[in-house]
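work_10.pdb (PDB, C-alpha atoms)
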```pdb
ATOM      1  CA  MET A   1      -2.746  15.618  12.235
ATOM      2  CA  LYS A   2      -3.592  11.996  11.624
ATOM      3  CA  ARG A   3      -0.696  11.747   9.216
ATOM      4  CA  LEU A   4       1.587  13.370  11.749
ATOM      5  CA  LEU A   5       0.570  10.909  14.408
ATOM      6  CA  THR A   6       1.116   8.005  12.082
ATOM      7  CA  LEU A   7       4.523   9.423  11.315
ATOM      8  CA  ALA A   8       5.273   9.876  14.995
ATOM      9  CA  ALA A   9       4.272   6.329  15.771
ATOM     10  CA  SER A  10       6.331   5.097  12.827
ATOM     11  CA  LEU A  11       9.401   6.973  13.999
ATOM     12  CA  LEU A  12       9.016   5.714  17.525
ATOM     13  CA  THR A  13       8.569   2.171  16.396
ATOM     14  CA  LEU A  14      11.551   2.411  14.101
ATOM     15  CA  VAL A  15      13.666   3.456  17.035
ATOM     16  CA  LEU A  16      12.236   0.981  19.506
ATOM     17  CA  THR A  17      12.527  -1.992  17.214
ATOM     18  CA  GLY A  18      16.163  -1.176  16.592
ATOM     19  CA  CYS A  19      17.576   0.307  13.494
ATOM     20  CA  ALA A  20      18.961  -2.548  11.532
ATOM     21  CA  THR A  21      18.958  -6.025  12.911
ATOM     22  CA  ASN A  22      16.223  -8.573  13.061
ATOM     23  CA  VAL A  23      17.127 -11.346  15.434
ATOM     24  CA  VAL A  24      14.841 -14.041  14.111
ATOM     25  CA  LYS A  25      14.653 -14.309  10.351
ATOM     26  CA  THR A  26      12.068 -16.086   8.302
ATOM     27  CA  ASP A  27      13.176 -18.284   5.431
ATOM     28  CA  LEU A  28      13.812 -15.919   2.572
ATOM     29  CA  SER A  29      15.768 -18.300   0.341
ATOM     30  CA  LYS A  30      12.994 -18.594  -2.257
ATOM     31  CA  PHE A  31      12.455 -14.841  -2.237
ATOM     32  CA  GLU A  32      16.158 -14.245  -2.674
ATOM     33  CA  ALA A  33      16.434 -16.817  -5.448
ATOM     34  CA  ALA A  34      13.515 -15.299  -7.356
ATOM     35  CA  LYS A  35      14.786 -11.701  -6.937
ATOM     36  CA  PRO A  36      11.485 -10.086  -7.906
ATOM     37  CA  ARG A  37      11.697  -6.510  -9.166
ATOM     38  CA  SER A  38       7.988  -5.871  -9.392
ATOM     39  CA  ILE A  39       4.975  -6.765  -7.263
ATOM     40  CA  LEU A  40       1.350  -6.867  -8.326
ATOM     41  CA  VAL A  41      -0.968  -6.208  -5.384
ATOM     42  CA  VAL A  42      -4.427  -7.632  -6.007
ATOM     43  CA  PRO A  43      -7.606  -6.950  -3.998
ATOM     44  CA  ALA A  44      -7.815  -9.041  -0.827
ATOM     45  CA  THR A  45     -10.217 -11.829   0.023
ATOM     46  CA  ASN A  46     -12.460 -10.882   2.881
ATOM     47  CA  LYS A  47     -13.629 -12.928   5.855
ATOM     48  CA  SER A  48     -14.765  -9.828   7.737
ATOM     49  CA  LEU A  49     -18.253  -8.370   7.620
ATOM     50  CA  ASP A  50     -17.042  -5.020   6.295
ATOM     51  CA  VAL A  51     -17.516  -5.165   2.532
ATOM     52  CA  ASP A  52     -15.289  -2.121   2.015
ATOM     53  CA  ALA A  53     -12.294  -3.601   3.825
ATOM     54  CA  PRO A  54     -10.524  -5.033   0.723
ATOM     55  CA  THR A  55     -10.675  -1.745  -1.173
ATOM     56  CA  TYR A  56      -9.502   0.265   1.811
ATOM     57  CA  LEU A  57      -6.690  -2.171   2.552
ATOM     58  CA  LEU A  58      -5.566  -2.005  -1.072
ATOM     59  CA  THR A  59      -4.674   1.668  -0.671
ATOM     60  CA  THR A  60      -2.241   0.938   2.195
ATOM     61  CA  LEU A  61      -0.030  -1.665   0.503
ATOM     62  CA  THR A  62       1.749   0.339  -2.199
ATOM     63  CA  VAL A  63       3.789   2.695  -0.038
ATOM     64  CA  PRO A  64       5.625   0.193   2.230
ATOM     65  CA  LEU A  65       6.482  -2.120  -0.694
ATOM     66  CA  ALA A  66       7.660   0.693  -2.963
ATOM     67  CA  GLU A  67       9.703   2.171  -0.119
ATOM     68  CA  LYS A  68      11.357  -1.260   0.207
ATOM     69  CA  GLY A  69      12.587  -0.713  -3.340
ATOM     70  CA  PHE A  70      10.107  -2.629  -5.495
ATOM     71  CA  TYR A  71       8.130  -1.502  -8.473
ATOM     72  CA  VAL A  72       4.556  -1.806  -7.256
ATOM     73  CA  PHE A  73       1.916  -1.957  -9.930
ATOM     74  CA  PRO A  74      -0.618   0.883  -9.729
ATOM     75  CA  VAL A  75      -3.302  -0.607  -7.468
ATOM     76  CA  HIS A  76      -6.197   1.447  -8.800
ATOM     77  CA  THR A  77      -5.260   0.649 -12.408
ATOM     78  CA  ALA A  78      -4.770  -3.047 -11.622
ATOM     79  CA  LYS A  79      -8.137  -3.185  -9.855
ATOM     80  CA  THR A  80      -9.808  -1.527 -12.842
ATOM     81  CA  VAL A  81      -8.118  -3.878 -15.343
ATOM     82  CA  LEU A  82      -9.179  -6.921 -13.301
ATOM     83  CA  GLU A  83     -12.745  -5.623 -13.230
ATOM     84  CA  GLN A  84     -12.675  -5.274 -16.999
ATOM     85  CA  GLU A  85     -11.637  -8.929 -17.105
ATOM     86  CA  GLY A  86     -14.746  -9.710 -15.068
ATOM     87  CA  LEU A  87     -12.846 -10.177 -11.804
ATOM     88  CA  TYR A  88     -14.514  -8.036  -9.147
ATOM     89  CA  GLU A  89     -14.128 -10.032  -5.967
ATOM     90  CA  GLY A  90     -10.962 -11.033  -4.154
ATOM     91  CA  GLU A  91     -12.152 -14.662  -4.128
ATOM     92  CA  GLN A  92     -12.362 -14.759  -7.922
ATOM     93  CA  ILE A  93      -8.981 -13.100  -8.305
ATOM     94  CA  HIS A  94      -7.230 -15.353  -5.798
ATOM     95  CA  ASN A  95      -8.635 -18.387  -7.633
ATOM     96  CA  GLN A  96      -6.860 -17.421 -10.852
ATOM     97  CA  PRO A  97      -3.539 -19.143 -11.461
ATOM     98  CA  PRO A  98      -0.859 -16.725 -10.187
ATOM     99  CA  GLU A  99       1.233 -17.436 -13.292
ATOM    100  CA  GLN A 100      -1.588 -16.124 -15.442
ATOM    101  CA  LEU A 101      -2.081 -12.960 -13.372
ATOM    102  CA  ALA A 102       1.652 -12.285 -13.354
ATOM    103  CA  LYS A 103       1.791 -12.711 -17.117
ATOM    104  CA  LEU A 104      -1.203 -10.466 -17.744
ATOM    105  CA  PHE A 105       0.505  -7.602 -15.916
ATOM    106  CA  GLY A 106       4.136  -8.494 -16.562
ATOM    107  CA  ALA A 107       4.724  -8.837 -12.816
ATOM    108  CA  ASP A 108       7.529 -10.794 -11.136
ATOM    109  CA  ALA A 109       5.408 -11.569  -8.073
ATOM    110  CA  VAL A 110       1.820 -11.280  -6.857
ATOM    111  CA  LEU A 111       0.844 -10.253  -3.327
ATOM    112  CA  TYR A 112      -2.274 -11.909  -1.938
ATOM    113  CA  VAL A 113      -3.826 -10.752   1.309
ATOM    114  CA  LYS A 114      -6.640 -12.448   3.156
ATOM    115  CA  ILE A 115      -8.542 -10.318   5.638
ATOM    116  CA  ASN A 116      -9.372 -12.547   8.597
ATOM    117  CA  GLN A 117     -10.654  -9.765  10.779
ATOM    118  CA  TRP A 118     -11.458  -6.072  10.350
ATOM    119  CA  ASP A 119     -13.867  -4.950  12.997
ATOM    120  CA  ALA A 120     -14.643  -2.707  15.914
ATOM    121  CA  LYS A 121     -16.440  -3.924  19.002
ATOM    122  CA  TYR A 122     -18.192  -1.337  21.101
ATOM    123  CA  VAL A 123     -18.747  -1.883  24.775
ATOM    124  CA  VAL A 124     -19.949   0.786  27.198
ATOM    125  CA  LEU A 125     -16.615   2.398  27.837
ATOM    126  CA  SER A 126     -14.247   0.971  25.326
ATOM    127  CA  THR A 127     -13.835   0.213  21.674
ATOM    128  CA  THR A 128     -11.669  -2.608  20.464
ATOM    129  CA  VAL A 129     -10.490  -2.365  16.897
ATOM    130  CA  THR A 130      -8.937  -5.473  15.369
ATOM    131  CA  VAL A 131      -7.347  -6.242  12.038
ATOM    132  CA  ASP A 132      -5.904  -9.627  11.128
ATOM    133  CA  PHE A 133      -4.288 -10.365   7.778
ATOM    134  CA  ASP A 134      -2.625 -13.324   6.051
ATOM    135  CA  TYR A 135      -0.064 -12.162   3.507
ATOM    136  CA  ARG A 136       1.341 -14.358   0.742
ATOM    137  CA  LEU A 137       3.774 -13.425  -2.009
ATOM    138  CA  VAL A 138       3.852 -15.763  -4.989
ATOM    139  CA  GLY A 139       6.419 -15.674  -7.793
ATOM    140  CA  LYS A 140       5.513 -15.538 -11.482
ATOM    141  CA  ASP A 141       6.199 -19.271 -11.788
ATOM    142  CA  GLY A 142       3.734 -20.043  -8.993
ATOM    143  CA  THR A 143       6.318 -20.599  -6.244
ATOM    144  CA  GLU A 144       5.411 -19.221  -2.835
ATOM    145  CA  LEU A 145       8.183 -16.754  -1.975
ATOM    146  CA  TRP A 146       7.114 -15.500   1.420
ATOM    147  CA  LYS A 147       4.199 -15.451   3.816
ATOM    148  CA  ALA A 148       3.230 -13.835   7.091
ATOM    149  CA  ASN A 149       0.303 -13.239   9.395
ATOM    150  CA  LYS A 150      -0.329 -10.072  11.322
ATOM    151  CA  ARG A 151      -2.943  -9.338  13.914
ATOM    152  CA  MET A 152      -3.256  -5.881  15.433
ATOM    153  CA  VAL A 153      -5.610  -5.054  18.251
ATOM    154  CA  TYR A 154      -6.256  -1.674  19.666
ATOM    155  CA  SER A 155      -8.246  -1.114  22.802
ATOM    156  CA  PRO A 156      -8.024   2.166  24.693
ATOM    157  CA  GLN A 157      -8.853   0.395  27.970
ATOM    158  CA  GLN A 158      -5.750  -1.742  27.927
ATOM    159  CA  GLN A 159      -3.041   0.262  26.357
ATOM    160  CA  ASN A 160      -0.234  -1.728  27.832
ATOM    161  CA  THR A 161      -0.479  -4.808  25.706
ATOM    162  CA  GLY A 162       3.109  -5.801  26.315
ATOM    163  CA  HIS A 163       3.772  -5.223  22.644
ATOM    164  CA  PRO A 164       5.563  -1.900  22.068
ATOM    165  CA  LEU A 165       4.119  -1.541  18.612
ATOM    166  CA  ALA A 166       0.550  -2.083  19.735
ATOM    167  CA  ASN A 167       1.031   0.451  22.518
ATOM    168  CA  LEU A 168       2.307   3.024  20.088
ATOM    169  CA  ILE A 169      -0.578   2.565  17.719
ATOM    170  CA  ALA A 170      -2.846   3.834  20.454
ATOM    171  CA  ALA A 171      -2.219   7.484  19.713
ATOM    172  CA  ALA A 172      -2.748   7.101  16.009
ATOM    173  CA  VAL A 173      -5.911   5.082  16.327
ATOM    174  CA  THR A 174      -7.457   7.202  19.049
ATOM    175  CA  ALA A 175      -7.082  10.197  16.786
ATOM    176  CA  ALA A 176      -8.613   8.255  13.951
ATOM    177  CA  ILE A 177     -11.794   7.184  15.702
ATOM    178  CA  GLU A 178     -14.436   9.476  14.353
ATOM    179  CA  ARG A 179     -17.763   9.268  16.109
ATOM    180  CA  ALA A 180     -18.876   5.646  15.814
ATOM    181  CA  LYS A 181     -16.964   4.995  12.630
ATOM    182  CA  PRO A 182     -13.367   4.034  13.270
ATOM    183  CA  ASN A 183     -10.699   4.582  10.678
ATOM    184  CA  TYR A 184      -8.818   1.325  10.281
ATOM    185  CA  MET A 185      -6.102   2.837   8.141
ATOM    186  CA  PRO A 186      -3.444   3.490  10.817
ATOM    187  CA  LEU A 187      -3.853  -0.041  12.155
ATOM    188  CA  ALA A 188      -3.640  -1.535   8.655
ATOM    189  CA  GLN A 189      -0.573   0.597   7.874
ATOM    190  CA  MET A 190       1.115  -0.591  11.073
ATOM    191  CA  ALA A 191       0.367  -4.204  10.230
ATOM    192  CA  ASN A 192       1.839  -3.786   6.732
ATOM    193  CA  ASN A 193       4.941  -2.011   7.950
ATOM    194  CA  ASP A 194       5.471  -4.609  10.632
ATOM    195  CA  VAL A 195       5.365  -7.594   8.282
ATOM    196  CA  PHE A 196       7.271  -6.032   5.366
ATOM    197  CA  VAL A 197       9.736  -3.711   7.046
ATOM    198  CA  TRP A 198      10.218  -3.891  10.806
ATOM    199  CA  GLY A 199       9.296  -7.304  12.102
ATOM    200  CA  PRO A 200      11.002 -10.693  11.952
ATOM    201  CA  THR A 201       9.196 -11.457   8.681
ATOM    202  CA  ALA A 202      10.675  -8.408   6.903
ATOM    203  CA  ILE A 203      11.286  -8.960   3.196
ATOM    204  CA  PRO A 204      14.604  -8.277   1.438
ATOM    205  CA  ASN A 205      15.108  -4.942  -0.280
ATOM    206  CA  GLY A 206      14.034  -4.510  -3.870
ATOM    207  CA  PRO A 207      16.132  -3.216  -6.765
ATOM    208  CA  TYR A 208      15.408   0.471  -6.110
ATOM    209  CA  ALA A 209      16.443   0.451  -2.460
ATOM    210  CA  PRO A 210      19.653   2.381  -1.827
ATOM    211  CA  LYS A 211      22.583   0.004  -1.627
ATOM    212  CA  ALA A 212      23.933  -0.642   1.854
ATOM    213  CA  GLN A 213      27.452   0.643   2.737
TER     214      GLN A 213
ATOM    215  CA  MET B  29      -0.083  14.843  20.968
ATOM    216  CA  LYS B  30       2.584  17.471  20.481
ATOM    217  CA  ARG B  31       4.690  15.731  23.083
ATOM    218  CA  ILE B  32       4.475  12.502  21.160
ATOM    219  CA  MET B  33       5.728  14.220  18.046
ATOM    220  CA  ILE B  34       8.576  15.874  19.863
ATOM    221  CA  LEU B  35       9.518  12.658  21.606
ATOM    222  CA  ALA B  36       9.410  10.756  18.357
ATOM    223  CA  ALA B  37      11.506  13.351  16.588
ATOM    224  CA  LEU B  38      14.079  13.453  19.376
ATOM    225  CA  LEU B  39      14.364   9.696  19.572
ATOM    226  CA  ALA B  40      14.673   9.445  15.841
ATOM    227  CA  LEU B  41      17.352  12.118  15.697
ATOM    228  CA  THR B  42      19.383  10.714  18.550
ATOM    229  CA  GLY B  43      18.931   7.141  17.432
ATOM    230  CA  CYS B  44      20.300   5.693  14.271
ATOM    231  CA  ALA B  45      20.390   7.721  11.106
ATOM    232  CA  THR B  46      16.785   7.794  10.026
ATOM    233  CA  LYS B  47      16.120   6.516   6.585
ATOM    234  CA  SER B  48      14.146   9.148   4.780
ATOM    235  CA  GLY B  49      11.718   7.749   2.259
ATOM    236  CA  LEU B  50      12.635   6.972  -1.325
ATOM    237  CA  TYR B  51       9.717   8.957  -2.687
ATOM    238  CA  GLU B  52       7.445  11.876  -2.011
ATOM    239  CA  TRP B  53       3.970  10.381  -2.112
ATOM    240  CA  GLY B  54       1.937  13.549  -1.727
ATOM    241  CA  GLY B  55      -0.713  11.648   0.207
ATOM    242  CA  TYR B  56      -1.357   9.264  -2.694
ATOM    243  CA  ASP B  57      -2.586   6.466  -0.409
ATOM    244  CA  ALA B  58      -4.875   8.759   1.570
ATOM    245  CA  LEU B  59      -6.265  10.336  -1.612
ATOM    246  CA  LEU B  60      -7.057   6.927  -3.052
ATOM    247  CA  TYR B  61      -8.683   5.844   0.201
ATOM    248  CA  GLN B  62     -10.785   9.013   0.321
ATOM    249  CA  SER B  63     -11.890   8.530  -3.273
ATOM    250  CA  TYR B  64     -13.030   4.960  -2.560
ATOM    251  CA  LYS B  65     -14.741   6.042   0.640
ATOM    252  CA  GLU B  66     -16.417   9.140  -0.773
ATOM    253  CA  PRO B  67     -16.560   8.942  -4.566
ATOM    254  CA  ALA B  68     -18.042  12.455  -4.686
ATOM    255  CA  GLY B  69     -14.603  13.826  -3.831
ATOM    256  CA  ALA B  70     -12.738  11.737  -6.414
ATOM    257  CA  GLN B  71     -12.424  14.578  -8.917
ATOM    258  CA  LYS B  72     -10.843  16.871  -6.375
ATOM    259  CA  ASN B  73      -8.503  14.125  -5.157
ATOM    260  CA  MET B  74      -7.459  13.459  -8.735
ATOM    261  CA  GLN B  75      -6.572  17.129  -9.167
ATOM    262  CA  THR B  76      -4.556  17.075  -5.954
ATOM    263  CA  LEU B  77      -2.601  14.053  -7.184
ATOM    264  CA  ALA B  78      -2.063  15.665 -10.585
ATOM    265  CA  ALA B  79      -0.723  18.833  -8.960
ATOM    266  CA  HIS B  80       1.629  16.807  -6.753
ATOM    267  CA  ILE B  81       3.021  14.842  -9.711
ATOM    268  CA  ASP B  82       3.370  18.021 -11.731
ATOM    269  CA  ALA B  83       5.385  19.669  -8.962
ATOM    270  CA  LEU B  84       7.694  16.633  -8.703
ATOM    271  CA  GLU B  85       8.265  16.550 -12.458
ATOM    272  CA  LYS B  86       8.998  20.279 -12.538
ATOM    273  CA  GLY B  87      11.408  19.860  -9.644
ATOM    274  CA  GLY B  88      13.208  17.032 -11.424
ATOM    275  CA  LYS B  89      12.266  14.528  -8.736
ATOM    276  CA  ARG B  90      11.472  10.894  -9.404
ATOM    277  CA  VAL B  91       7.751  10.184  -9.283
ATOM    278  CA  ALA B  92       6.935   7.084  -7.210
ATOM    279  CA  PRO B  93       5.886   3.831  -8.879
ATOM    280  CA  GLY B  94       2.298   3.772 -10.057
ATOM    281  CA  LEU B  95       1.433   7.426  -9.522
ATOM    282  CA  HIS B  96       1.378   8.380 -13.186
ATOM    283  CA  ALA B  97      -0.459   5.183 -14.073
ATOM    284  CA  ASP B  98      -3.156   5.594 -11.434
ATOM    285  CA  LEU B  99      -3.596   9.251 -12.347
ATOM    286  CA  GLY B 100      -3.941   8.073 -15.945
ATOM    287  CA  THR B 101      -6.672   5.631 -14.980
ATOM    288  CA  MET B 102      -8.484   8.324 -12.988
ATOM    289  CA  LEU B 103      -8.283  10.687 -15.968
ATOM    290  CA  LEU B 104      -9.568   7.945 -18.241
ATOM    291  CA  GLN B 105     -12.499   7.334 -15.927
ATOM    292  CA  ALA B 106     -13.185  11.083 -16.014
ATOM    293  CA  GLY B 107     -13.174  10.976 -19.833
ATOM    294  CA  ASP B 108      -9.780  12.564 -20.500
ATOM    295  CA  LYS B 109      -8.166  10.075 -22.895
ATOM    296  CA  ASN B 110      -5.263  12.313 -23.892
ATOM    297  CA  GLY B 111      -4.391  13.016 -20.280
ATOM    298  CA  ALA B 112      -4.550   9.280 -19.591
ATOM    299  CA  LEU B 113      -2.290   8.467 -22.550
ATOM    300  CA  GLY B 114       0.324  10.998 -21.487
ATOM    301  CA  ASN B 115       0.441   9.583 -17.982
ATOM    302  CA  PHE B 116       0.600   5.949 -19.129
ATOM    303  CA  ARG B 117       3.507   6.829 -21.433
ATOM    304  CA  ARG B 118       5.317   8.634 -18.636
ATOM    305  CA  GLU B 119       4.853   5.696 -16.242
ATOM    306  CA  ARG B 120       6.349   3.392 -18.873
ATOM    307  CA  GLU B 121       9.257   5.746 -19.412
ATOM    308  CA  LEU B 122      10.046   6.037 -15.698
ATOM    309  CA  TRP B 123       9.477   2.392 -14.770
ATOM    310  CA  PRO B 124      10.475  -0.316 -17.260
ATOM    311  CA  GLU B 125       8.755  -2.914 -15.028
ATOM    312  CA  SER B 126       5.441  -1.359 -16.035
ATOM    313  CA  ALA B 127       5.982  -1.971 -19.773
ATOM    314  CA  VAL B 128       3.614  -4.931 -20.290
ATOM    315  CA  LEU B 129       0.719  -3.269 -18.490
ATOM    316  CA  MET B 130       1.334   0.230 -19.836
ATOM    317  CA  ASP B 131       1.738  -1.004 -23.417
ATOM    318  CA  ALA B 132      -1.610  -2.752 -23.087
ATOM    319  CA  MET B 133      -3.264   0.373 -21.652
ATOM    320  CA  ILE B 134      -1.743   2.595 -24.345
ATOM    321  CA  LYS B 135      -2.621   0.228 -27.172
ATOM    322  CA  ASN B 136      -6.142  -0.100 -25.857
ATOM    323  CA  LEU B 137      -6.578   3.671 -25.888
ATOM    324  CA  GLU B 138      -4.962   4.155 -29.264
ATOM    325  CA  THR B 139      -6.980   1.497 -31.041
ATOM    326  CA  GLN B 140     -10.358   1.807 -29.410
ATOM    327  CA  ASN B 141     -12.791   4.614 -29.822
ATOM    328  CA  LYS B 142     -15.620   3.222 -27.779
ATOM    329  CA  PRO B 143     -16.432   4.948 -24.471
ATOM    330  CA  GLU B 144     -14.137   3.706 -21.740
ATOM    331  CA  ALA B 145     -15.331   1.335 -19.073
ATOM    332  CA  ARG B 146     -15.751   2.818 -15.667
ATOM    333  CA  SER B 147     -14.807   1.126 -12.462
TER     334      SER B 147
END
```
Just dump the structure as structure tokens.
Amino acid sequence: MKRLLTLAASLLTLVLTGCATNVVKTDLSKFEAAKPRSILVVPATNKSLDVDAPTYLLTTLTVPLAEKGFYVFPVHTAKTVLEQEGLYEGEQIHNQPPEQLAKLFGADAVLYVKINQWDAKYVVLSTTVTVDFDYRLVGKDGTELWKANKRMVYSPQQQNTGHPLANLIAAAVTAAIERAKPNYMPLAQMANNDVFVWGPTAIPNGPYAPKAQ
Amino acid sequence: MKRIMILAALLALTGCATKSGLYEWGGYDALLYQSYKEPAGAQKNMQTLAAHIDALEKGGKRVAPGLHADLGTMLLQAGDKNGALGNFRRERELWPESAVLMDAMIKNLETQNKPEARS
């Protein structure tokens, strides 16, 4: 049911945000020049109080990037390999030279995410769930190819946020709130899809995307 | 809830041609999330992923990036080196971009006999 709702929200958003055109485009010249085929997603750094947030977020990043046509390195395998290298925390990993990480895995680009916020605030009648991420894609030569920030807030008391996407998330997140332990996954998935696929920061297609025309 | 689904489906159908996904994921992301959240269920999740990949292979469908490799790592962590090797080799075969990493994983398994590290 949760998956269905996520799908429903995705479909709706796809339609509402228009099928093809993004009006405002971010600068993609470096991305386009580098033409990465493969992306290594490493565990995120974490400014939130939820110690599990980086691991949970990691599981949501593969699908949107692979569906954009990139080879995405197996996140569980990459995490395990990094741990064997003594790199357990996002901070440690993000402090490594990107060139070195890319070389170790044979990746064309490395995706870094910083979790600024990942929390739920409970008041008497409402729960506000917030995620806020900084995304940064760095090429194998160390060049920054792309970056974006995404903040998603869900509060059942104010469903009309003026943002169609945020409104649509409502259904998915409401279904996901289990007792006092919210499931952040739908919100994280929406944030990822918005920055990579739907929003003005959308990245170019990778080599496995079907050719246009 | 049902109404939302119906509305979404209608809008999608009457809107632009919907882009169906490139791959069948079989709940890979949710399985991984569940295994991190409740490690007790990891074994069962691994079997679910294995069955999904098996069905895709038998149906001649392309298995999404990373699925074979992550299944391989799960098998390795469960002590099944041969299963891991087979999956690493298949990942490499399907996805040339994985060659550096998969070669390292395969070589590591082929040359080492010590018990594998666990995550």
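Neighbourhood of point (11.4, 0.1, -12.5): residues with an atom at most 10 Å away, counting all atoms listed in the file, are Arg37, Ser38, Gly69, Phe70, Tyr71, Val72, Pro207 and Tyr208 of chain A; Ala92, Pro93, Glu119, Arg120, Glu121, Leu122, Trp123, Pro124, Glu125, Ser126 and Ala127 of chain B.
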Residue among B:Leu50, B:Leu99, B:Ala132, B:Leu104 lying closest to chain A, counting only C-alpha atoms: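 For chain A, the nearest of the given residues is B:Leu50.
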Expected selection from the PyMOL selection byres ((chain A and resi 139) around 9), given as a list in words: Phe31, Ala34, Pro36, Pro98, Glu99, Ala102, Ala107, Asp108, Ala109, Val110, Leu111, Leu137, Val138, Lys140, Asp141, Gly142, Thr143, Glu144 and Leu145 of chain A
Could the residues in this selection be saved with C-alpha atoms as a short mmCIF file (atom, residue, chain, number, x, y, z; two decimals), in the coordinates of the input?
```
data_model
loop_
_atom_site.label_atom_id
_atom_site.label_comp_id
_atom_site.auth_asym_id
_atom_site.auth_seq_id
_atom_site.Cartn_x
_atom_site.Cartn_y
_atom_site.Cartn_z
CA PHE A 31 12.46 -14.84 -2.24
CA ALA A 34 13.52 -15.30 -7.36
CA PRO A 36 11.48 -10.09 -7.91
CA PRO A 98 -0.86 -16.73 -10.19
CA GLU A 99 1.23 -17.44 -13.29
CA ALA A 102 1.65 -12.28 -13.35
CA ALA A 107 4.72 -8.84 -12.82
CA ASP A 108 7.53 -10.79 -11.14
CA ALA A 109 5.41 -11.57 -8.07
CA VAL A 110 1.82 -11.28 -6.86
CA LEU A 111 0.84 -10.25 -3.33
CA LEU A 137 3.77 -13.42 -2.01
CA VAL A 138 3.85 -15.76 -4.99
CA LYS A 140 5.51 -15.54 -11.48
CA ASP A 141 6.20 -19.27 -11.79
CA GLY A 142 3.73 -20.04 -8.99
CA THR A 143 6.32 -20.60 -6.24
CA GLU A 144 5.41 -19.22 -2.84
CA LEU A 145 8.18 -16.75 -1.98
#
```
For a quick check of your reading of the model, name the residues lying within 7 Å of the coordinate (-11.7, -6.5, 13.9), counting only C-alpha atoms, and write them as a PyMOL selection string. chain A and resi 117-120+129-131
Find, counting all atoms listed in the file, the residue in A:His94, A:His76, A:Lys47, A:Lys211 that gets nearest to chain B.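 Result for the nearest residue to chain B: A:His76.
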Translate the PyMOL selection byres ((chain B and resi 105) around 12) into a concrete residue list for this structure, as a compact mmCIF listing (two decimals) with C-alpha atoms, keeping the file's coordinate frame.
```txt
# COMPACT_ATOMS: atom_id res chain seq x y z
CA HIS A 76 -6.20 1.45 -8.80
CA THR A 77 -5.26 0.65 -12.41
CA THR A 80 -9.81 -1.53 -12.84
CA ALA B 70 -12.74 11.74 -6.41
CA GLN B 71 -12.42 14.58 -8.92
CA MET B 74 -7.46 13.46 -8.74
CA ASP B 98 -3.16 5.59 -11.43
CA LEU B 99 -3.60 9.25 -12.35
CA GLY B 100 -3.94 8.07 -15.94
CA THR B 101 -6.67 5.63 -14.98
CA MET B 102 -8.48 8.32 -12.99
CA LEU B 103 -8.28 10.69 -15.97
CA LEU B 104 -9.57 7.94 -18.24
CA ALA B 106 -13.18 11.08 -16.01
CA GLY B 107 -13.17 10.98 -19.83
CA ASP B 108 -9.78 12.56 -20.50
CA LYS B 109 -8.17 10.07 -22.90
CA ASN B 110 -5.26 12.31 -23.89
CA GLY B 111 -4.39 13.02 -20.28
CA ALA B 112 -4.55 9.28 -19.59
CA PRO B 143 -16.43 4.95 -24.47
CA GLU B 144 -14.14 3.71 -21.74
CA ALA B 145 -15.33 1.34 -19.07
CA ARG B 146 -15.75 2.82 -15.67
CA SER B 147 -14.81 1.13 -12.46
```
Atom pair CA of Tyr64 (chain B) / CA of Asp52 (chain A): separation (Å):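 Interatomic distance, CA of Tyr64 (chain B) to CA of Asp52 (chain A): 8.7 Å.
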Test item: the PyMOL selection byres ((chain A and resi 57-60) around 6) resolved as number ranges by chain: A: 53-56, 61-62, 189; B: 57, 61
Please, what is the axis-aligned box for every listed atom of region 69-78 of chain A with 6 Å on each side, as centre and edge lengths in Å to one decimal, as JSON?
```
{"center_x": 3.2, "center_y": -0.8, "center_z": -7.9, "size_x": 30.8, "size_y": 16.5, "size_z": 21.1}
```
Could you rebuild region 76-84 of chain A with N, CA and C atoms and give me the result as a PDB file, in the frame of the given file?
```pdb
ATOM      1  N   HIS A  76      -4.897   1.043  -8.265  1.00  0.00           N
ATOM      2  CA  HIS A  76      -6.197   1.447  -8.800  1.00  0.00           C
ATOM      3  C   HIS A  76      -6.343   0.982 -10.250  1.00  0.00           C
ATOM      4  N   THR A  77      -5.269   1.106 -11.008  1.00  0.00           N
ATOM      5  CA  THR A  77      -5.260   0.649 -12.408  1.00  0.00           C
ATOM      6  C   THR A  77      -5.434  -0.869 -12.462  1.00  0.00           C
ATOM      7  N   ALA A  78      -4.687  -1.585 -11.626  1.00  0.00           N
ATOM      8  CA  ALA A  78      -4.770  -3.047 -11.622  1.00  0.00           C
ATOM      9  C   ALA A  78      -6.188  -3.509 -11.271  1.00  0.00           C
ATOM     10  N   LYS A  79      -6.766  -2.856 -10.278  1.00  0.00           N
ATOM     11  CA  LYS A  79      -8.137  -3.185  -9.855  1.00  0.00           C
ATOM     12  C   LYS A  79      -9.109  -2.975 -11.016  1.00  0.00           C
ATOM     13  N   THR A  80      -8.934  -1.856 -11.721  1.00  0.00           N
ATOM     14  CA  THR A  80      -9.808  -1.527 -12.842  1.00  0.00           C
ATOM     15  C   THR A  80      -9.641  -2.542 -13.986  1.00  0.00           C
ATOM     16  N   VAL A  81      -8.388  -2.901 -14.279  1.00  0.00           N
ATOM     17  CA  VAL A  81      -8.118  -3.878 -15.343  1.00  0.00           C
ATOM     18  C   VAL A  81      -8.750  -5.227 -14.983  1.00  0.00           C
ATOM     19  N   LEU A  82      -8.593  -5.643 -13.730  1.00  0.00           N
ATOM     20  CA  LEU A  82      -9.179  -6.921 -13.301  1.00  0.00           C
ATOM     21  C   LEU A  82     -10.698  -6.887 -13.430  1.00  0.00           C
ATOM     22  N   GLU A  83     -11.287  -5.755 -13.100  1.00  0.00           N
ATOM     23  CA  GLU A  83     -12.745  -5.623 -13.230  1.00  0.00           C
ATOM     24  C   GLU A  83     -13.181  -5.740 -14.689  1.00  0.00           C
ATOM     25  N   GLN A  84     -12.355  -5.161 -15.572  1.00  0.00           N
ATOM     26  CA  GLN A  84     -12.675  -5.274 -16.999  1.00  0.00           C
ATOM     27  C   GLN A  84     -12.563  -6.711 -17.487  1.00  0.00           C
TER      28      GLN A  84
END
```
